[in-house]
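Enquirer: I'd like to ask some things about the structure below.
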Amino acid sequence: MEAIVEEIEAQLQQCAKREVTSSEIGQLVLKYLRQESEVAYIRFASVYGRFQGITDFVETLNQLQRETGRNWDSQPTEATHISQPNNSASVVASSQ
């Protein structure tokens, strides 16, 4: 993560502009996170993009899937079910 911060700082210092907007910084963070980790990208995008609900997550995931060409439906996952017994979330791991 520190390497990403350093790359973003270096890129911003090379800009001819004296001021950089938070929007420009946010876009750079998204760009680097997308290359580093899909999960980190989605987590940051949800806050940066002010997701209002599950639809925003689904749309972003679908866009990421189209752009990367990956089909997550066929990818095995460790967590196959999320349940909420007694108002506490738990993850049930698959036995593959």
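For the structure tokens, the naming scheme is as follows: chains receive sequential letters (A, B, ...) according to their order of presentation, residues are indexed from 1 within each chain, and ligands are indexed from 1 in presentation order.
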What lies within 8 Å of segment 18-28 of chain A using only C-alpha atoms, ignoring chain neighbours under 3 positions off, as a list in words?
Expert: Ile8, Leu12, Cys15, Lys31, Tyr32 and Tyr48 of chain A
Enquirer: What does the distance between atom CA of Arg66 of chain A and atom CA of Ile4 of chain A come to in Å, to one decimal place?
Expert: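 Interatomic distance here is 24.4 Å.
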Enquirer: For Asn62 of chain A, which of A:Ala3, A:Val47, A:Ile42, A:Ala10 is the closest residue, counting only C-alpha atoms?
Expert: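 Under the stated criterion, the closest residue is A:Ile42.
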Enquirer: Using only C-alpha atoms, find the one residue out of A:Val5, A:Arg34, A:Ala40, A:Arg50 that sits nearest to Gln63 of chain A.
Expert: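 Closest to Gln63 of chain A, using only C-alpha atoms: A:Arg34.
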Enquirer: Find the residues around Ala45 of chain A up to 9 Å (only C-alpha atoms counted), leave out those fewer than 6 positions away in its own chain, and share them as a CSV table (one decimal) with C-alpha atoms, in the first residue's frame.
Expert:
```csv
chain,number,residue,atom,x,y,z
A,26,GLY,CA,-9.5,9.9,-5.7
A,30,LEU,CA,-8.9,4.1,-7.8
A,51,PHE,CA,-22.6,4.0,-2.8
A,57,PHE,CA,-22.0,-2.5,-5.6
A,60,THR,CA,-19.5,-1.6,-10.1
```
Enquirer: Just the number, please: distance in Å from atom CA of Glu7 of chain A to atom CA of Ser37 of chain A, one decimal.
Expert: 15.8 Å
Enquirer: Would you work out the distance separating atom CA of Thr68 of chain A from atom CA of Leu33 of chain A, expressed in Å to one decimal?
Expert: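 So the two atoms, atom CA of Thr68 of chain A and atom CA of Leu33 of chain A, lie 13.9 Å apart.
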Enquirer: Can you list, as a PyMOL selection string, every residue of segment 39-73 of chain A that DSSP puts in helix (DSSP H, G or I)?
Expert: chain A and resi 39-48+54-68+72-73
Enquirer: Write to file, as an mmCIF file, in the first residue's frame, the residues of the selection just made, with C-alpha atoms.
Expert:
```
data_model
loop_
_atom_site.group_PDB
_atom_site.id
_atom_site.type_symbol
_atom_site.label_atom_id
_atom_site.label_comp_id
_atom_site.auth_asym_id
_atom_site.auth_seq_id
_atom_site.Cartn_x
_atom_site.Cartn_y
_atom_site.Cartn_z
ATOM 1 C CA VAL A 39 -11.411 -6.054 -3.156
ATOM 2 C CA ALA A 40 -9.513 -2.902 -2.160
ATOM 3 C CA TYR A 41 -10.808 -1.203 -5.314
ATOM 4 C CA ILE A 42 -14.446 -2.051 -4.532
ATOM 5 C CA ARG A 43 -14.083 -1.039 -0.882
ATOM 6 C CA PHE A 44 -12.564 2.336 -1.764
ATOM 7 C CA ALA A 45 -15.004 2.883 -4.635
ATOM 8 C CA SER A 46 -17.934 2.269 -2.292
ATOM 9 C CA VAL A 47 -16.829 5.103 -0.019
ATOM 10 C CA TYR A 48 -15.392 7.405 -2.677
ATOM 11 C CA ILE A 54 -26.454 -2.958 -3.126
ATOM 12 C CA THR A 55 -27.289 -1.818 -6.661
ATOM 13 C CA ASP A 56 -24.250 0.457 -6.673
ATOM 14 C CA PHE A 57 -22.033 -2.477 -5.637
ATOM 15 C CA VAL A 58 -23.533 -4.782 -8.268
ATOM 16 C CA GLU A 59 -23.128 -2.193 -11.035
ATOM 17 C CA THR A 60 -19.492 -1.577 -10.083
ATOM 18 C CA LEU A 61 -18.772 -5.307 -9.862
ATOM 19 C CA ASN A 62 -20.397 -5.870 -13.262
ATOM 20 C CA GLN A 63 -18.330 -3.055 -14.782
ATOM 21 C CA LEU A 64 -15.144 -4.489 -13.278
ATOM 22 C CA GLN A 65 -16.067 -7.929 -14.575
ATOM 23 C CA ARG A 66 -16.664 -6.594 -18.109
ATOM 24 C CA GLU A 67 -13.409 -4.665 -18.127
ATOM 25 C CA THR A 68 -11.274 -7.494 -16.767
ATOM 26 C CA TRP A 72 -16.596 -14.609 -11.021
ATOM 27 C CA ASP A 73 -19.522 -17.015 -11.145
#
```
